[in-house]
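Below is structure_3.cif, holding mmCIF, C-alpha atoms and all ligand atoms; chains and numbers go by the auth columns.
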```cif
data_input
#
loop_
_atom_site.group_PDB
_atom_site.id
_atom_site.type_symbol
_atom_site.label_atom_id
_atom_site.label_comp_id
_atom_site.label_asym_id
_atom_site.label_seq_id
_atom_site.Cartn_x
_atom_site.Cartn_y
_atom_site.Cartn_z
_atom_site.B_iso_or_equiv
_atom_site.auth_seq_id
_atom_site.auth_asym_id
ATOM 1 C CA MET A 1 -157.108 -31.402 76.471 0.00 221 A
ATOM 2 C CA LEU A 2 -153.353 -31.269 76.902 0.00 222 A
ATOM 3 C CA GLU A 3 -151.145 -33.553 74.828 0.00 223 A
ATOM 4 C CA ILE A 4 -147.638 -34.069 76.120 0.00 224 A
ATOM 5 C CA ARG A 5 -144.772 -36.244 74.873 0.00 225 A
ATOM 6 C CA THR A 6 -141.632 -36.961 76.836 0.00 226 A
ATOM 7 C CA ILE A 7 -138.426 -37.268 74.853 0.00 227 A
ATOM 8 C CA GLU A 8 -135.393 -38.440 76.806 0.00 228 A
ATOM 9 C CA SER A 9 -131.919 -37.371 75.653 0.00 229 A
ATOM 10 C CA MET A 10 -128.664 -39.112 76.408 0.00 230 A
ATOM 11 C CA PRO A 11 -126.083 -38.893 77.910 0.00 231 A
ATOM 12 C CA PHE A 12 -127.694 -37.146 80.903 0.00 232 A
ATOM 13 C CA ALA A 13 -131.125 -38.842 80.658 0.00 233 A
ATOM 14 C CA GLU A 14 -132.649 -35.392 80.321 0.00 234 A
ATOM 15 C CA ASN A 15 -136.382 -35.039 79.651 0.00 235 A
ATOM 16 C CA SER A 16 -137.665 -32.733 76.928 0.00 236 A
ATOM 17 C CA TYR A 17 -141.417 -32.191 76.796 0.00 237 A
ATOM 18 C CA LEU A 18 -143.411 -31.502 73.641 0.00 238 A
ATOM 19 C CA LEU A 19 -146.797 -29.923 74.452 0.00 239 A
ATOM 20 C CA TRP A 20 -149.819 -28.910 72.428 0.00 240 A
ATOM 21 C CA LEU A 21 -153.550 -28.353 72.795 0.00 241 A
ATOM 22 C CA PRO A 22 -155.506 -30.188 70.066 0.00 242 A
ATOM 23 C CA PRO A 23 -157.140 -29.411 67.741 0.00 243 A
ATOM 24 C CA SER A 24 -154.398 -26.784 67.454 0.00 244 A
ATOM 25 C CA LYS A 25 -151.192 -28.067 65.873 0.00 245 A
ATOM 26 C CA ASP A 26 -149.103 -25.314 67.442 0.00 246 A
ATOM 27 C CA ALA A 27 -146.618 -26.890 69.849 0.00 247 A
ATOM 28 C CA ILE A 28 -143.951 -25.831 72.289 0.00 248 A
ATOM 29 C CA ILE A 29 -140.830 -27.671 73.357 0.00 249 A
ATOM 30 C CA ILE A 30 -139.490 -27.488 76.890 0.00 250 A
ATOM 31 C CA ASP A 31 -135.734 -27.995 77.351 0.00 251 A
ATOM 32 C CA PRO A 32 -134.536 -29.532 74.062 0.00 252 A
ATOM 33 C CA GLY A 33 -131.474 -31.603 74.975 0.00 253 A
ATOM 34 C CA PHE A 34 -128.569 -33.382 73.336 0.00 254 A
ATOM 35 C CA GLU A 35 -130.683 -35.470 70.923 0.00 255 A
ATOM 36 C CA PRO A 36 -132.758 -32.859 69.068 0.00 256 A
ATOM 37 C CA ASP A 37 -133.405 -35.180 66.106 0.00 257 A
ATOM 38 C CA LEU A 38 -135.697 -37.257 68.349 0.00 258 A
ATOM 39 C CA ILE A 39 -137.725 -34.104 69.023 0.00 259 A
ATOM 40 C CA LEU A 40 -137.838 -33.029 65.385 0.00 260 A
ATOM 41 C CA ASP A 41 -139.024 -36.539 64.471 0.00 261 A
ATOM 42 C CA ALA A 42 -141.793 -36.393 67.090 0.00 262 A
ATOM 43 C CA ILE A 43 -142.933 -32.994 65.793 0.00 263 A
ATOM 44 C CA GLU A 44 -143.124 -34.411 62.282 0.00 264 A
ATOM 45 C CA VAL A 45 -144.890 -37.641 63.292 0.00 265 A
ATOM 46 C CA GLU A 46 -147.580 -35.640 65.112 0.00 266 A
ATOM 47 C CA GLY A 47 -147.857 -33.112 62.261 0.00 267 A
ATOM 48 C CA LEU A 48 -147.110 -30.182 64.583 0.00 268 A
ATOM 49 C CA ASN A 49 -145.728 -26.693 64.085 0.00 269 A
ATOM 50 C CA LEU A 50 -143.216 -25.561 66.690 0.00 270 A
ATOM 51 C CA VAL A 51 -144.071 -22.022 67.846 0.00 271 A
ATOM 52 C CA ALA A 52 -141.864 -21.589 70.939 0.00 272 A
ATOM 53 C CA ILE A 53 -138.831 -23.009 72.714 0.00 273 A
ATOM 54 C CA LEU A 54 -138.889 -22.759 76.507 0.00 274 A
ATOM 55 C CA ASN A 55 -135.908 -23.414 78.775 0.00 275 A
ATOM 56 C CA THR A 56 -136.414 -23.988 82.508 0.00 276 A
ATOM 57 C CA HIS A 57 -132.760 -23.142 83.114 0.00 277 A
ATOM 58 C CA GLY A 58 -129.453 -22.680 81.352 0.00 278 A
ATOM 59 C CA HIS A 59 -127.564 -25.934 82.002 0.00 279 A
ATOM 60 C CA SER A 60 -126.120 -27.493 78.864 0.00 280 A
ATOM 61 C CA ASP A 61 -128.199 -30.687 78.942 0.00 281 A
ATOM 62 C CA HIS A 62 -131.396 -28.571 78.842 0.00 282 A
ATOM 63 C CA ILE A 63 -130.313 -26.130 76.097 0.00 283 A
ATOM 64 C CA ALA A 64 -128.180 -28.269 73.766 0.00 284 A
ATOM 65 C CA GLY A 65 -131.031 -28.694 71.279 0.00 285 A
ATOM 66 C CA ASN A 66 -131.964 -25.020 71.063 0.00 286 A
ATOM 67 C CA ALA A 67 -129.821 -24.439 67.964 0.00 287 A
ATOM 68 C CA ALA A 68 -131.390 -27.344 66.048 0.00 288 A
ATOM 69 C CA MET A 69 -134.902 -26.142 66.980 0.00 289 A
ATOM 70 C CA LYS A 70 -134.123 -22.579 65.829 0.00 290 A
ATOM 71 C CA GLU A 71 -132.601 -23.850 62.603 0.00 291 A
ATOM 72 C CA LYS A 72 -135.763 -25.757 61.656 0.00 292 A
ATOM 73 C CA TYR A 73 -138.223 -23.251 63.198 0.00 293 A
ATOM 74 C CA PRO A 74 -136.493 -19.829 63.044 0.00 294 A
ATOM 75 C CA ASP A 75 -139.659 -17.928 63.979 0.00 295 A
ATOM 76 C CA ALA A 76 -140.116 -19.809 67.276 0.00 296 A
ATOM 77 C CA PRO A 77 -138.903 -17.520 70.070 0.00 297 A
ATOM 78 C CA LEU A 78 -136.434 -18.905 72.605 0.00 298 A
ATOM 79 C CA ILE A 79 -137.701 -18.087 76.102 0.00 299 A
ATOM 80 C CA ILE A 80 -135.848 -18.471 79.432 0.00 300 A
ATOM 81 C CA GLY A 81 -135.831 -16.886 82.900 0.00 301 A
ATOM 82 C CA GLN A 82 -134.116 -13.502 82.922 0.00 302 A
ATOM 83 C CA ASN A 83 -131.476 -14.577 85.432 0.00 303 A
ATOM 84 C CA ASP A 84 -130.376 -17.646 83.445 0.00 304 A
ATOM 85 C CA ALA A 85 -130.358 -16.008 79.993 0.00 305 A
ATOM 86 C CA VAL A 86 -126.625 -15.283 80.212 0.00 306 A
ATOM 87 C CA MET A 87 -125.901 -19.017 80.542 0.00 307 A
ATOM 88 C CA LEU A 88 -127.115 -19.682 76.996 0.00 308 A
ATOM 89 C CA VAL A 89 -124.051 -18.054 75.482 0.00 309 A
ATOM 90 C CA ASP A 90 -121.445 -18.750 78.180 0.00 310 A
ATOM 91 C CA PRO A 91 -119.894 -22.267 78.174 0.00 311 A
ATOM 92 C CA THR A 92 -118.532 -21.807 81.697 0.00 312 A
ATOM 93 C CA LYS A 93 -121.857 -20.723 83.130 0.00 313 A
ATOM 94 C CA ASN A 94 -123.904 -23.366 81.278 0.00 314 A
ATOM 95 C CA LEU A 95 -121.452 -26.019 82.547 0.00 315 A
ATOM 96 C CA SER A 96 -120.595 -27.406 79.101 0.00 316 A
ATOM 97 C CA ARG A 97 -116.923 -26.493 79.605 0.00 317 A
ATOM 98 C CA PHE A 98 -117.021 -28.398 82.891 0.00 318 A
ATOM 99 C CA PHE A 99 -118.264 -31.477 80.996 0.00 319 A
ATOM 100 C CA GLY A 100 -115.619 -31.125 78.303 0.00 320 A
ATOM 101 C CA ALA A 101 -117.238 -29.610 75.193 0.00 321 A
ATOM 102 C CA ASP A 102 -118.011 -25.909 74.852 0.00 322 A
ATOM 103 C CA LEU A 103 -121.623 -25.323 73.901 0.00 323 A
ATOM 104 C CA ILE A 104 -123.252 -22.061 72.908 0.00 324 A
ATOM 105 C CA SER A 105 -126.989 -21.732 72.306 0.00 325 A
ATOM 106 C CA PRO A 106 -128.664 -19.036 70.237 0.00 326 A
ATOM 107 C CA PRO A 107 -129.446 -16.103 72.550 0.00 327 A
ATOM 108 C CA ALA A 108 -132.834 -15.626 74.203 0.00 328 A
ATOM 109 C CA ASN A 109 -135.543 -13.858 72.206 0.00 329 A
ATOM 110 C CA GLN A 110 -137.604 -13.267 75.329 0.00 330 A
ATOM 111 C CA THR A 111 -137.003 -13.552 79.076 0.00 331 A
ATOM 112 C CA VAL A 112 -139.553 -14.157 81.820 0.00 332 A
ATOM 113 C CA VAL A 113 -139.684 -13.196 85.483 0.00 333 A
ATOM 114 C CA ASP A 114 -141.256 -14.541 88.670 0.00 334 A
ATOM 115 C CA GLU A 115 -145.082 -14.550 88.648 0.00 335 A
ATOM 116 C CA GLU A 116 -145.274 -13.571 84.982 0.00 336 A
ATOM 117 C CA LEU A 117 -148.088 -15.002 82.855 0.00 337 A
ATOM 118 C CA LEU A 118 -146.693 -16.359 79.602 0.00 338 A
ATOM 119 C CA GLU A 119 -149.199 -16.897 76.790 0.00 339 A
ATOM 120 C CA VAL A 120 -148.022 -19.045 73.912 0.00 340 A
ATOM 121 C CA ALA A 121 -149.578 -21.670 71.595 0.00 341 A
ATOM 122 C CA GLY A 122 -152.911 -21.380 73.434 0.00 342 A
ATOM 123 C CA PHE A 123 -151.248 -22.061 76.782 0.00 343 A
ATOM 124 C CA ARG A 124 -151.146 -19.631 79.627 0.00 344 A
ATOM 125 C CA PHE A 125 -148.278 -20.483 81.961 0.00 345 A
ATOM 126 C CA LEU A 126 -147.673 -19.022 85.366 0.00 346 A
ATOM 127 C CA VAL A 127 -143.902 -18.573 85.664 0.00 347 A
ATOM 128 C CA ARG A 128 -142.286 -19.097 89.043 0.00 348 A
ATOM 129 C CA GLU A 129 -138.587 -18.490 89.622 0.00 349 A
ATOM 130 C CA ILE A 130 -137.053 -21.070 91.957 0.00 350 A
ATOM 131 C CA PRO A 131 -133.283 -20.547 92.220 0.00 351 A
ATOM 132 C CA GLY A 132 -130.892 -22.916 93.987 0.00 352 A
ATOM 133 C CA HIS A 133 -130.108 -25.476 91.262 0.00 353 A
ATOM 134 C CA SER A 134 -129.256 -22.608 88.927 0.00 354 A
ATOM 135 C CA PRO A 135 -129.428 -18.866 89.701 0.00 355 A
ATOM 136 C CA GLY A 136 -132.440 -18.109 87.495 0.00 356 A
ATOM 137 C CA HIS A 137 -134.281 -21.423 87.238 0.00 357 A
ATOM 138 C CA VAL A 138 -137.979 -21.075 86.398 0.00 358 A
ATOM 139 C CA VAL A 139 -140.886 -23.526 86.341 0.00 359 A
ATOM 140 C CA PHE A 140 -143.857 -23.219 83.989 0.00 360 A
ATOM 141 C CA ILE A 141 -147.264 -24.001 85.520 0.00 361 A
ATOM 142 C CA TYR A 142 -150.238 -24.768 83.298 0.00 362 A
ATOM 143 C CA SER A 143 -153.779 -25.053 84.702 0.00 363 A
ATOM 144 C CA SER A 144 -156.394 -26.686 82.524 0.00 364 A
ATOM 145 C CA THR A 145 -160.042 -26.078 83.290 0.00 365 A
ATOM 146 C CA ALA A 146 -161.110 -28.376 80.461 0.00 366 A
ATOM 147 C CA GLY A 147 -162.580 -30.792 83.002 0.00 367 A
ATOM 148 C CA ASN A 148 -164.208 -29.524 86.187 0.00 368 A
ATOM 149 C CA GLU A 149 -164.037 -25.730 86.615 0.00 369 A
ATOM 150 C CA ASN A 150 -163.762 -26.134 90.378 0.00 370 A
ATOM 151 C CA GLU A 151 -160.917 -28.583 90.203 0.00 371 A
ATOM 152 C CA PRO A 152 -158.514 -27.595 87.443 0.00 372 A
ATOM 153 C CA GLU A 153 -155.842 -29.996 86.336 0.00 373 A
ATOM 154 C CA MET A 154 -152.427 -28.552 87.017 0.00 374 A
ATOM 155 C CA HIS A 155 -149.241 -29.434 85.165 0.00 375 A
ATOM 156 C CA ILE A 156 -145.827 -28.212 86.321 0.00 376 A
ATOM 157 C CA LEU A 157 -142.938 -28.220 83.860 0.00 377 A
ATOM 158 C CA GLY A 158 -140.411 -28.317 86.630 0.00 378 A
ATOM 159 C CA GLY A 159 -136.888 -28.670 85.221 0.00 379 A
ATOM 160 C CA ASP A 160 -134.311 -29.648 87.829 0.00 380 A
ATOM 161 C CA VAL A 161 -136.072 -28.325 90.941 0.00 381 A
ATOM 162 C CA LEU A 162 -138.127 -31.243 92.260 0.00 382 A
ATOM 163 C CA PHE A 163 -137.739 -34.893 91.238 0.00 383 A
ATOM 164 C CA ARG A 164 -139.598 -38.028 92.279 0.00 384 A
ATOM 165 C CA GLY A 165 -137.946 -38.706 95.641 0.00 385 A
ATOM 166 C CA SER A 166 -135.189 -36.143 95.171 0.00 386 A
ATOM 167 C CA VAL A 167 -134.312 -32.534 94.396 0.00 387 A
ATOM 168 C CA GLY A 168 -131.930 -30.775 92.003 0.00 388 A
ATOM 169 C CA ARG A 169 -128.190 -30.689 92.667 0.00 389 A
ATOM 170 C CA THR A 170 -126.982 -27.546 94.371 0.00 390 A
ATOM 171 C CA ASP A 171 -123.215 -28.115 94.160 0.00 391 A
ATOM 172 C CA PHE A 172 -122.747 -26.225 90.877 0.00 392 A
ATOM 173 C CA PRO A 173 -121.593 -22.585 90.821 0.00 393 A
ATOM 174 C CA GLY A 174 -124.441 -20.336 91.921 0.00 394 A
ATOM 175 C CA GLY A 175 -126.217 -23.231 93.649 0.00 395 A
ATOM 176 C CA SER A 176 -127.859 -23.024 97.064 0.00 396 A
ATOM 177 C CA SER A 177 -129.561 -25.850 98.906 0.00 397 A
ATOM 178 C CA ALA A 178 -131.304 -23.473 101.325 0.00 398 A
ATOM 179 C CA GLN A 179 -132.707 -21.412 98.426 0.00 399 A
ATOM 180 C CA LEU A 180 -133.859 -24.501 96.551 0.00 400 A
ATOM 181 C CA LEU A 181 -135.670 -26.106 99.488 0.00 401 A
ATOM 182 C CA ALA A 182 -137.297 -22.809 100.515 0.00 402 A
ATOM 183 C CA GLY A 183 -138.429 -22.229 96.931 0.00 403 A
ATOM 184 C CA ILE A 184 -139.978 -25.706 96.687 0.00 404 A
ATOM 185 C CA ARG A 185 -141.865 -25.187 99.945 0.00 405 A
ATOM 186 C CA GLU A 186 -143.045 -21.646 99.163 0.00 406 A
ATOM 187 C CA LYS A 187 -143.734 -21.901 95.442 0.00 407 A
ATOM 188 C CA LEU A 188 -144.545 -25.562 94.702 0.00 408 A
ATOM 189 C CA PHE A 189 -145.869 -27.111 97.904 0.00 409 A
ATOM 190 C CA VAL A 190 -148.599 -24.432 97.993 0.00 410 A
ATOM 191 C CA LEU A 191 -150.054 -25.970 94.811 0.00 411 A
ATOM 192 C CA PRO A 192 -152.749 -28.709 94.868 0.00 412 A
ATOM 193 C CA ASP A 193 -151.678 -32.223 95.914 0.00 413 A
ATOM 194 C CA LYS A 194 -152.881 -33.562 92.566 0.00 414 A
ATOM 195 C CA ALA A 195 -150.704 -31.186 90.528 0.00 415 A
ATOM 196 C CA VAL A 196 -148.449 -33.252 88.254 0.00 416 A
ATOM 197 C CA VAL A 197 -144.723 -32.471 88.108 0.00 417 A
ATOM 198 C CA TYR A 198 -142.857 -33.176 84.867 0.00 418 A
ATOM 199 C CA PRO A 199 -139.205 -33.087 85.925 0.00 419 A
ATOM 200 C CA GLY A 200 -136.036 -32.597 83.910 0.00 420 A
ATOM 201 C CA HIS A 201 -134.866 -36.108 84.802 0.00 421 A
ATOM 202 C CA GLY A 202 -136.733 -39.257 85.795 0.00 422 A
ATOM 203 C CA PRO A 203 -140.441 -40.067 86.066 0.00 423 A
ATOM 204 C CA THR A 204 -143.344 -37.702 86.702 0.00 424 A
ATOM 205 C CA THR A 205 -144.628 -37.223 90.230 0.00 425 A
ATOM 206 C CA THR A 206 -147.222 -35.169 92.094 0.00 426 A
ATOM 207 C CA ILE A 207 -146.980 -32.404 94.671 0.00 427 A
ATOM 208 C CA GLY A 208 -148.907 -34.521 97.191 0.00 428 A
ATOM 209 C CA TYR A 209 -146.618 -37.529 96.779 0.00 429 A
ATOM 210 C CA GLU A 210 -143.473 -35.439 97.266 0.00 430 A
ATOM 211 C CA LYS A 211 -144.926 -33.623 100.275 0.00 431 A
ATOM 212 C CA ARG A 212 -145.545 -36.959 101.976 0.00 432 A
ATOM 213 C CA THR A 213 -142.449 -38.888 100.953 0.00 433 A
ATOM 214 C CA ASN A 214 -139.586 -36.735 99.628 0.00 434 A
ATOM 215 C CA PRO A 215 -136.683 -37.304 102.057 0.00 435 A
ATOM 216 C CA TYR A 216 -135.205 -33.849 101.356 0.00 436 A
ATOM 217 C CA LEU A 217 -138.407 -32.084 102.307 0.00 437 A
ATOM 218 C CA THR A 218 -140.338 -34.079 104.888 0.00 438 A
HETATM 219 ZN ZN ZN B . -129.664 -28.565 85.538 0.00 501 B
#
```
Will you turn the file into structure tokens for me?
Ligand SMILES: [Zn+2]
Amino acid sequence: MLEIRTIESMPFAENSYLLWLPPSKDAIIIDPGFEPDLILDAIEVEGLNLVAILNTHGHSDHIAGNAAMKEKYPDAPLIIGQNDAVMLVDPTKNLSRFFGADLISPPANQTVVDEELLEVAGFRFLVREIPGHSPGHVVFIYSSTAGNENEPEMHILGGDVLFRGSVGRTDFPGGSSAQLLAGIREKLFVLPDKAVVYPGHGPTTTIGYEKRTNPYLT
């Protein structure tokens, strides 16, 4: 059964997610942000071993903690969508220069592409690329059949694509509102209504709730 902890980093109220599948202690972190010590503390409190670092996209608030993760867990590969990998090491592209402090992450150890299956720490994620907020934004979709085989639980680590009642900004360089909305409709709204979305900012939501109520998409 999936265990997931949300760790919120200031100043952008960015959500990092720590995931593992007990009884395994191998964990992954999604989008370590500007307060990596909170994540390292959570890993220690839970007695976990970090085996991979996943980034949904290359914006600074989602990659700022990569260096601290790699320093403590050098063998954990850093994984990001192939079209956002360049942002890790480019302060203009990752927007840190825009916000006033150049930030460079360690480079990617592995990149993923649309529809790839990523197996790590006992998870098998379906990767879907949904550009529009950033050029190579990906979401990681985990289906658990631990309960009813016919009705798997689905968990979407969604980054800044779809929020509760909103969608990701598209006014940054390389952004496209048309691309983002089309991607949400074609690659997320085809998933079950009960699928849970864990967004990069704000509270969790479900595909069904956003289909019915999201003002950008109804
Ligand atoms: Zn972003």
Using only C-alpha atoms and all ligand atoms, which residues of chain A come within 10 Å of ligand ZN 501 (chain B), and what is the closest atom pair for each, with the distance in Å to one decimal? Give it as a tab-separated table, sorted by chain and residue number.
```
residue	atom	partner	partner_atom	distance
A:Phe232	CA	B:ZN501	ZN	9.9
A:Glu234	CA	B:ZN501	ZN	9.1
A:Thr276	CA	B:ZN501	ZN	8.7
A:His277	CA	B:ZN501	ZN	6.7
A:Gly278	CA	B:ZN501	ZN	7.2
A:His279	CA	B:ZN501	ZN	4.9
A:Ser280	CA	B:ZN501	ZN	7.6
A:Asp281	CA	B:ZN501	ZN	7.1
A:His282	CA	B:ZN501	ZN	6.9
A:Ile283	CA	B:ZN501	ZN	9.8
A:Asn314	CA	B:ZN501	ZN	8.9
A:Leu315	CA	B:ZN501	ZN	9.1
A:His353	CA	B:ZN501	ZN	6.5
A:Ser354	CA	B:ZN501	ZN	6.9
A:His357	CA	B:ZN501	ZN	8.7
A:Gly379	CA	B:ZN501	ZN	7.2
A:Asp380	CA	B:ZN501	ZN	5.3
A:Val381	CA	B:ZN501	ZN	8.4
A:Gly388	CA	B:ZN501	ZN	7.2
A:Arg389	CA	B:ZN501	ZN	7.6
A:Thr390	CA	B:ZN501	ZN	9.3
A:Phe392	CA	B:ZN501	ZN	9.0
A:Gly420	CA	B:ZN501	ZN	7.7
A:His421	CA	B:ZN501	ZN	9.2
```
Dump of C-alpha atoms for the selected residues, as a PDB file, keeping the file's coordinate frame:
```
ATOM      1  CA  PHE A 232    -127.694 -37.146  80.903  1.00  0.00           C
ATOM      2  CA  GLU A 234    -132.649 -35.392  80.321  1.00  0.00           C
ATOM      3  CA  THR A 276    -136.414 -23.988  82.508  1.00  0.00           C
ATOM      4  CA  HIS A 277    -132.760 -23.142  83.114  1.00  0.00           C
ATOM      5  CA  GLY A 278    -129.453 -22.680  81.352  1.00  0.00           C
ATOM      6  CA  HIS A 279    -127.564 -25.934  82.002  1.00  0.00           C
ATOM      7  CA  SER A 280    -126.120 -27.493  78.864  1.00  0.00           C
ATOM      8  CA  ASP A 281    -128.199 -30.687  78.942  1.00  0.00           C
ATOM      9  CA  HIS A 282    -131.396 -28.571  78.842  1.00  0.00           C
ATOM     10  CA  ILE A 283    -130.313 -26.130  76.097  1.00  0.00           C
ATOM     11  CA  ASN A 314    -123.904 -23.366  81.278  1.00  0.00           C
ATOM     12  CA  LEU A 315    -121.452 -26.019  82.547  1.00  0.00           C
ATOM     13  CA  HIS A 353    -130.108 -25.476  91.262  1.00  0.00           C
ATOM     14  CA  SER A 354    -129.256 -22.608  88.927  1.00  0.00           C
ATOM     15  CA  HIS A 357    -134.281 -21.423  87.238  1.00  0.00           C
ATOM     16  CA  GLY A 379    -136.888 -28.670  85.221  1.00  0.00           C
ATOM     17  CA  ASP A 380    -134.311 -29.648  87.829  1.00  0.00           C
ATOM     18  CA  VAL A 381    -136.072 -28.325  90.941  1.00  0.00           C
ATOM     19  CA  GLY A 388    -131.930 -30.775  92.003  1.00  0.00           C
ATOM     20  CA  ARG A 389    -128.190 -30.689  92.667  1.00  0.00           C
ATOM     21  CA  THR A 390    -126.982 -27.546  94.371  1.00  0.00           C
ATOM     22  CA  PHE A 392    -122.747 -26.225  90.877  1.00  0.00           C
ATOM     23  CA  GLY A 420    -136.036 -32.597  83.910  1.00  0.00           C
ATOM     24  CA  HIS A 421    -134.866 -36.108  84.802  1.00  0.00           C
TER      25      HIS A 421
END
```
Quiz item: Do you know which residues the PyMOL selection byres (((chain A and resi 303) around 10) and not hetatm) returns on this file, as a count of residues only?
Solution: 19
Practice problem: Go through A:Val417, A:Ala328, A:Ile259, A:Val387 one by one, measure the shortest atom-to-atom distance of each to Phe360 (chain A) using only C-alpha atoms, and give the residue with the smallest value. | Solution: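 Looking only at the distances to Phe360 (chain A), the closest residue turns out to be A:Val417.
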Exercise. Work out how far apart CA of Ile376 (chain A) and CA of Lys414 (chain A) are and give it in Å to one decimal.
Key: 10.8 Å
Self-check item: Straight-line distance linking CA of Glu223 (chain A) with CA of Tyr237 (chain A), stated in Å to one decimal
Solution: 10.0 Å
Given the PyMOL selection byres (((chain A and resi 294) around 12) and not hetatm), the residues it picks as an mmCIF file with C-alpha atoms, keeping the file's coordinate frame:
```cif
data_model
loop_
_atom_site.group_PDB
_atom_site.id
_atom_site.type_symbol
_atom_site.label_atom_id
_atom_site.label_comp_id
_atom_site.auth_asym_id
_atom_site.auth_seq_id
_atom_site.Cartn_x
_atom_site.Cartn_y
_atom_site.Cartn_z
ATOM 1 C CA ASN A 269 -145.728 -26.693 64.085
ATOM 2 C CA LEU A 270 -143.216 -25.561 66.690
ATOM 3 C CA VAL A 271 -144.071 -22.022 67.846
ATOM 4 C CA ALA A 272 -141.864 -21.589 70.939
ATOM 5 C CA ILE A 273 -138.831 -23.009 72.714
ATOM 6 C CA ASN A 286 -131.964 -25.020 71.063
ATOM 7 C CA ALA A 287 -129.821 -24.439 67.964
ATOM 8 C CA ALA A 288 -131.390 -27.344 66.048
ATOM 9 C CA MET A 289 -134.902 -26.142 66.980
ATOM 10 C CA LYS A 290 -134.123 -22.579 65.829
ATOM 11 C CA GLU A 291 -132.601 -23.850 62.603
ATOM 12 C CA LYS A 292 -135.763 -25.757 61.656
ATOM 13 C CA TYR A 293 -138.223 -23.251 63.198
ATOM 14 C CA ASP A 295 -139.659 -17.928 63.979
ATOM 15 C CA ALA A 296 -140.116 -19.809 67.276
ATOM 16 C CA PRO A 297 -138.903 -17.520 70.070
ATOM 17 C CA LEU A 298 -136.434 -18.905 72.605
ATOM 18 C CA PRO A 326 -128.664 -19.036 70.237
ATOM 19 C CA ASN A 329 -135.543 -13.858 72.206
#
```
Exercise. Between A:Ile361, A:Leu241, A:Leu377, A:Ala284, single out the one closest to Thr424 (chain A), counting only C-alpha atoms.
Key: A:Leu377
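Here CA of Pro419 (chain A) is placed at a distance of 5.8 Å from CA of Phe383 (chain A).
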Exercise. Select, from A:Tyr418, A:Val359, A:Pro256, A:Phe345, the residue with the minimum atom-to-atom distance to Ile224 (chain A), counting all atoms listed in the file.
Key: A:Tyr418
Grab all the atoms of region 402-419 of chain A that the file lists, wrap them in a box along x, y and z, add 6 Å per side, and give me centre plus edge lengths in Å (one decimal) as AutoDock Vina command-line options.
```
--center_x -145.1 --center_y -27.6 --center_z 92.7 --size_x 27.6 --size_y 23.9 --size_z 27.6
```
